[in-house]
Each structure stands twice: as structure tokens, then as C-alpha cells.
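This report refers to the structure that appears directly beneath it.
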Amino acid sequence: MSEQIAVVGAGAFGTALAAVMALEGRHPVTLIGRNPLLMSDLRADRVHNTALPGIVLPDGLQFSAEPDALREASIVLFAMPSQAQVDAGRHYGPYLSEQATVVTCAKGIDRFSGRLLTEVLEAELSLHAVAALSGPGFAADIAHGLPTAMAIAAADQPLAERLANALSGRSFRLYASTDRLGVQLGGALKNVLAIACGIVEGAGLGESARAALISRGLAEMSRLIEAMGGNADTVRGLSGLGDLVLTGTSHQSRNLRFGIALGKGGPARSAGGPLVEGAFAASVAAKLGAQHGVDLPVTEAVADIIDGRLDVRSAMERLMTRPITTE
Ligand SMILES: NC(=O)C1=CN([C@@H]2O[C@H](COP(=O)(O)OP(=O)(O)OC[C@H]3O[C@@H](n4cnc5c(N)ncnc54)[C@H](OP(=O)(O)O)[C@@H]3O)[C@@H](O)[C@H]2O)C=CC1
Ligand SMILES: O=C(CO)COP(=O)(O)O
């Protein structure tokens, strides 16, 4: 099937996705950013010096600052931070062609409503199917053509498979899923747990504590996802366990680095910025846990530390003195 791909959001992830798909050469790919100067520099130099320094973008990749460039696209990837997705939907929606499918590529939950990004985008873009892409993959690895695999979830299997086939390539492989809730919550919660792993590292609590945290963190991710109707297989998959292992252990992760700063006694509120997605997701996820009667001790501790209600030492004490239970 012939497709036209547009990636909206010319940051690290959007540029990497557009580059790996354009390099494959199977479908026309356009990267759409909102800064006209950046887009004309990219067209001229083919290097994104701030987001992906030193990586030459493929010749076939088109660049535009015009939302009109979306008109022909059959698949539109939204690669801006979670809290900007609704705004982007509102802004770019009128330019989408009738048959366009939107794929949210952010890893978060809408902080105002506590809803999944596919839900808030569907409310905004009611004529369009909305899918979600999530899983382990740093933008630089993807753009360098290193092997990466992620999950793509749509409401029905034929659409999920069509998207997985259209967007996969020799170095970038997508697995189709119909569990949009599990795939998105996995991506959002692993960021919170990566902050917890960073706190453990920054506070010098040791590798054993990190391994325990990853394992118990996965258990709480599983409880929430299943309580909300997602699948256990998704939790064990790329967007759950896969991405938790990557971001909970790699210093490339902004969430992990933010946690390390917290663990070293750095400021909770001021650090981070919009790209520490877990700092937004922590309190939203803790609320979802309370609404669904699910115990999320690590997520709640991260939310309390970020909101200044708890220090790291007291958090560890709280976690270690919970009633002894079964695994
Ligand atoms: N970087 C990575 O390795 C990975 C990132 N992700 C996820 O991708 C998302 C984006 O991350 P990343 O690319 O790293 O972030 P960046 O900061 O590198 O890029 C974000 C981009 O979004 C654009 N943007 C912000 N708000 C809007 C808006 N309202 N409309 C259109 N564009 C907008 C920004 O434009 P401007 O510069 O003009 O502000 C910027 O180009 C996050 O949810 C992250 O979790 C997922 C996997 C890997
Ligand atoms: O999600 C990511 C890799 O899969 C990127 O993680 P950070 O947002 O923590 O850098």
C-alpha cells in the first residue's frame, strides 16, 4: 500500500523517526516543525545541531514549516511532548486529509484530565483514527540506524498491522498491538520508575536496590494497567519491561538523570523541564492508582518527592517498612 508519512515536531524524537523512515525509502516522508528558520537550515545543512548533533539526515527527507504540508499525508506522527499534544491536534487538525491516521509518539498522560493521549487526541480530532507508538529507543540510536524495536497500538488489528508494516524498516522494527491503554501507560509509568531508579543511583543506594526497584516497579505497572483494562503481555513487552530496563539503567535517559539529581539532593520542582515526562506523570499516575484501588508505592513516593512532600531518606524508609507480603 502506498503511504505518505508526515512527522510533526522537529525535536530529537521526531527528527530521528523521520530520518529512519526516509532512509528506508519506501514512502515519502516530510518532517514538519514550527520554527521556519530551523526547517530552512535543516533543508540546507541536513544536520539538526541541537537535537541530533553530528547525524546527517537522509537526502530523501523533506522539511517544512507549513502545516499545509500535511494535506497529502496518510500517516501523521505527533512527536511533541505529552502536554503539547492537544494543542498540536488543535493547530494541525484542520490540515489533515480525511483518511489520515494520527500516531501519538509521546510518553505521558494528559496532566489535566488524567486521560490517555489517544483519548484526548480523538476528542480533538474526531474524524481520525489515533494510534500510539511507544517502547525502548533513544532518538540518537534510532537516527544512527542502530537496531531498535517498539510497539505500535491501534484500536483494531488491521490498522495496527498496516502502521507497523508502513513504518518499520531494516533498523527500526514495530510490533503491532491493539492494547492502546497498556502501550501508553507502560510508556508513561516507566518514566516515573526511571526517576525512581535515578533517585536510587543519586543517593548511592546500590545496584541491588535498582534491580529490586525495576522488578517491584514492573509489578505496580502491571497492577495499574490490568486494573484499567490493559493486557499483562503488554506489560512484559517493549513498551513496559523493555522501556523500563532501558530508561531505568541508561544515562541517556532524561528521566533517569533528573532522578539522579534528586537523589543527590537537587531541587525537585525547578529541575527538569517539559522533557522529564515522568515528573508530570507521577502525580497523575498516583491519582489513577487511587481511583482504581491499586497500590502504587513507588509511583506515590516519586510523586511525593517531586511535589516536595517527602525526602529521599523518608521515602526509602516508607518503602522498606511496608508490611511483608508475597511477590
Ligand atoms: N528523545 C528520545 O530519545 C525519545 C523521546 N520520546 C518522546 O517523544 C516526545 C518528544 O521528545 P523529544 O523529541 O526528545 O523532545 P524535544 O524537546 O527534542 O522536541 C520536542 C519538539 O516538540 C515541538 N513542540 C513542542 N510543542 C509543540 C506544539 N504545540 N506543536 C508542535 N510542535 C511542538 C518542539 O518545538 P520547538 O523546538 O519549536 O519548541 C520540539 O521540536 C516526548 O514525549 C518523549 O518522551 C520517545 C522516545 C525517545
Ligand atoms: O523514552 C525514552 C527511550 O525509550 C527516552 O527516555 P527519556 O525521555 O527519559 O530520555
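Residues are referred to by chain and number: the chain letter is A, B, ... according to the order shown in the C-alpha cells, the number counts from 1 in that chain, and ligands are numbered separately from 1 in the order shown.
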Selection: 9 Å around range 203-218 of chain A, only C-alpha atoms, excl. self and same-chain fewer than 2 positions, as a compact mmCIF listing (two decimals) with C-alpha atoms, in the first residue's frame:
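Output file around_0.txt is given in full below:
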# COMPACT_ATOMS: atom_id res chain seq x y z
CA LEU A 189 4.83 4.80 34.02
CA LYS A 190 8.31 3.68 33.04
CA LEU A 193 10.04 4.44 37.58
CA ALA A 194 13.15 5.69 35.75
CA ALA A 196 12.94 6.34 40.99
CA CYS A 197 15.94 4.42 39.59
CA GLY A 198 17.79 7.71 39.25
CA ILE A 199 16.99 8.64 42.85
CA VAL A 200 18.41 5.30 43.98
CA GLU A 201 21.56 5.90 41.93
CA GLU A 220 2.93 -1.96 40.08
CA MET A 221 2.86 -1.05 36.39
CA SER A 222 1.19 -4.41 35.83
CA ARG A 223 -1.39 -3.84 38.59
CA VAL A 235 3.48 -5.00 30.44
CA ARG A 236 6.07 -7.73 29.72
CA GLY A 240 6.62 -1.95 29.56
CA LEU A 241 9.57 -4.06 30.66
CA LEU A 244 11.71 0.34 31.87
CA VAL A 245 15.01 -1.53 31.59
CA GLY A 248 15.98 2.82 34.32
CA THR A 249 19.59 1.99 33.52
CA ILE A 260 19.93 11.19 39.93
CA ALA A 261 19.88 14.95 40.59
CA LEU A 262 17.01 14.46 43.06
CA GLY A 263 18.84 11.59 44.75
CA LYS A 264 21.88 13.82 45.20
CA GLY A 265 19.70 16.37 46.97
CA LEU A 296 1.48 2.09 43.63
CA PRO A 297 4.05 2.63 46.40
CA VAL A 298 7.00 3.57 44.18
CA THR A 299 4.97 5.90 41.96
CA VAL A 312 14.55 10.62 49.75
CA ARG A 313 15.56 9.11 53.09
CA GLU A 327 5.56 -11.43 45.43
Under the rule of at most 9 Å, produce a per-residue listing of chain A near ligand 1: chain, number, name, the closest pair of atoms, and the distance in Å, as CSV, using only C-alpha atoms and all ligand atoms.
residue,atom,partner,partner_atom_place_in_ligand_line,distance
A:Val8,CA,ligand 1,31 (C),6.5
A:Gly9,CA,ligand 1,32 (N),4.4
A:Ala10,CA,ligand 1,41 (O),4.0
A:Gly11,CA,ligand 1,19 (O),3.2
A:Ala12,CA,ligand 1,18 (O),3.8
A:Phe13,CA,ligand 1,13 (O),3.6
A:Gly14,CA,ligand 1,13 (O),5.5
A:Thr15,CA,ligand 1,13 (O),7.5
A:Ala16,CA,ligand 1,13 (O),8.3
A:Ile32,CA,ligand 1,32 (N),8.5
A:Gly33,CA,ligand 1,41 (O),6.3
A:Arg34,CA,ligand 1,38 (O),5.3
A:Asn35,CA,ligand 1,38 (O),5.5
A:Leu38,CA,ligand 1,38 (O),8.7
A:Thr50,CA,ligand 1,18 (O),8.3
A:Ala51,CA,ligand 1,18 (O),5.6
A:Leu52,CA,ligand 1,18 (O),8.7
A:Phe78,CA,ligand 1,31 (C),8.0
A:Ala79,CA,ligand 1,10 (C),5.2
A:Met80,CA,ligand 1,22 (O),3.5
A:Pro81,CA,ligand 1,43 (O),4.0
A:Ser82,CA,ligand 1,43 (O),5.1
A:Gln83,CA,ligand 1,26 (N),8.0
A:Ala84,CA,ligand 1,29 (N),4.5
A:Gln85,CA,ligand 1,29 (N),6.4
A:Val86,CA,ligand 1,29 (N),7.6
A:Asp87,CA,ligand 1,29 (N),5.0
A:Ala88,CA,ligand 1,30 (N),4.3
A:Gly89,CA,ligand 1,30 (N),8.1
A:Arg90,CA,ligand 1,29 (N),8.9
A:His91,CA,ligand 1,30 (N),7.4
A:Tyr92,CA,ligand 1,30 (N),8.2
A:Thr104,CA,ligand 1,43 (O),8.9
A:Cys105,CA,ligand 1,8 (O),5.7
A:Ala106,CA,ligand 1,43 (O),3.2
A:Lys107,CA,ligand 1,43 (O),4.4
A:Gly108,CA,ligand 1,43 (O),6.3
A:Leu133,CA,ligand 1,46 (C),8.5
A:Ser134,CA,ligand 1,46 (C),6.8
A:Gly135,CA,ligand 1,47 (C),7.1
A:Pro136,CA,ligand 1,47 (C),7.0
A:Gly137,CA,ligand 1,48 (C),5.4
A:Phe138,CA,ligand 1,3 (O),3.4
A:Ala139,CA,ligand 1,3 (O),3.7
A:Ala140,CA,ligand 1,3 (O),6.6
A:Asp141,CA,ligand 1,3 (O),8.0
A:Ile142,CA,ligand 1,3 (O),8.4
A:Gly187,CA,ligand 1,45 (O),8.0
A:Ala188,CA,ligand 1,45 (O),8.2
A:Asn191,CA,ligand 1,45 (O),8.1
A:Gln252,CA,ligand 1,3 (O),8.0
A:Ser253,CA,ligand 1,3 (O),7.5
A:Arg254,CA,ligand 1,1 (N),8.5
A:Pro274,CA,ligand 1,17 (O),7.7
A:Leu275,CA,ligand 1,15 (O),6.0
A:Val276,CA,ligand 1,45 (O),7.5
A:Glu277,CA,ligand 1,45 (O),5.9
A:Gly278,CA,ligand 1,45 (O),8.6
Would you mind reading off the distance between CA of Gly145 in chain A and CA of Ile109 in chain A, one decimal, in Å?
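One can read the CA of Gly145 in chain A to CA of Ile109 in chain A distance as 28.7 Å.
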Rank A:Thr326, A:Ser283, A:Gln291, A:Thr148 by their smallest atom-to-atom distance to Gly308 in chain A, using only C-alpha atoms, and report the top residue only.
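Ranked by minimum distance to Gly308 in chain A, first place goes to A:Ser283.
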Just list the residues in range 138-267 of chain A DSSP gives strand (DSSP E) on the backbone, as a PyMOL selection string.
chain A and resi 148-153+172-177
For ligand 2, which residue out of A:Thr101, A:Asn231, A:Ser177, A:Ser239 is the nearest one, using only C-alpha atoms and all ligand atoms?
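Closest to ligand 2 of all the choices is A:Ser239.
As for CA of Leu319 in chain A and CA of Ile305 in chain A, they are spaced 12.9 Å apart.
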From A:Gly114, A:Gly182, A:Gly259, A:Gly93, residue lying nearest ligand 2 [only C-alpha atoms and all ligand atoms]
A:Gly259
List every residue of range 190-270 of chain A that has an atom at most 12 Å from any atom of range 152-166 of chain A, and for each one report the closest atom pair and its distance in Å to one decimal, counting only C-alpha atoms, with rows sorted by chain and then by increasing residue number, as a tab-separated table.
residue	atom	partner	partner_atom	distance
A:Gly230	CA	A:Ala153	CA	11.7
A:Thr234	CA	A:Ala153	CA	10.2
A:Gly237	CA	A:Ile152	CA	11.6
A:Leu238	CA	A:Ile152	CA	9.9
A:Ser239	CA	A:Ile152	CA	9.2
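Distances from A:Ala65, A:Leu310, A:Val103, A:Ala6 to Glu122 in chain A were compared using only C-alpha atoms, and the smallest one belongs to A:Val103.
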Minimum-distance residue to Tyr95 in chain A, chosen among A:Ile75, A:Leu70, A:Leu127, A:Ala151 (using only C-alpha atoms)
A:Leu70
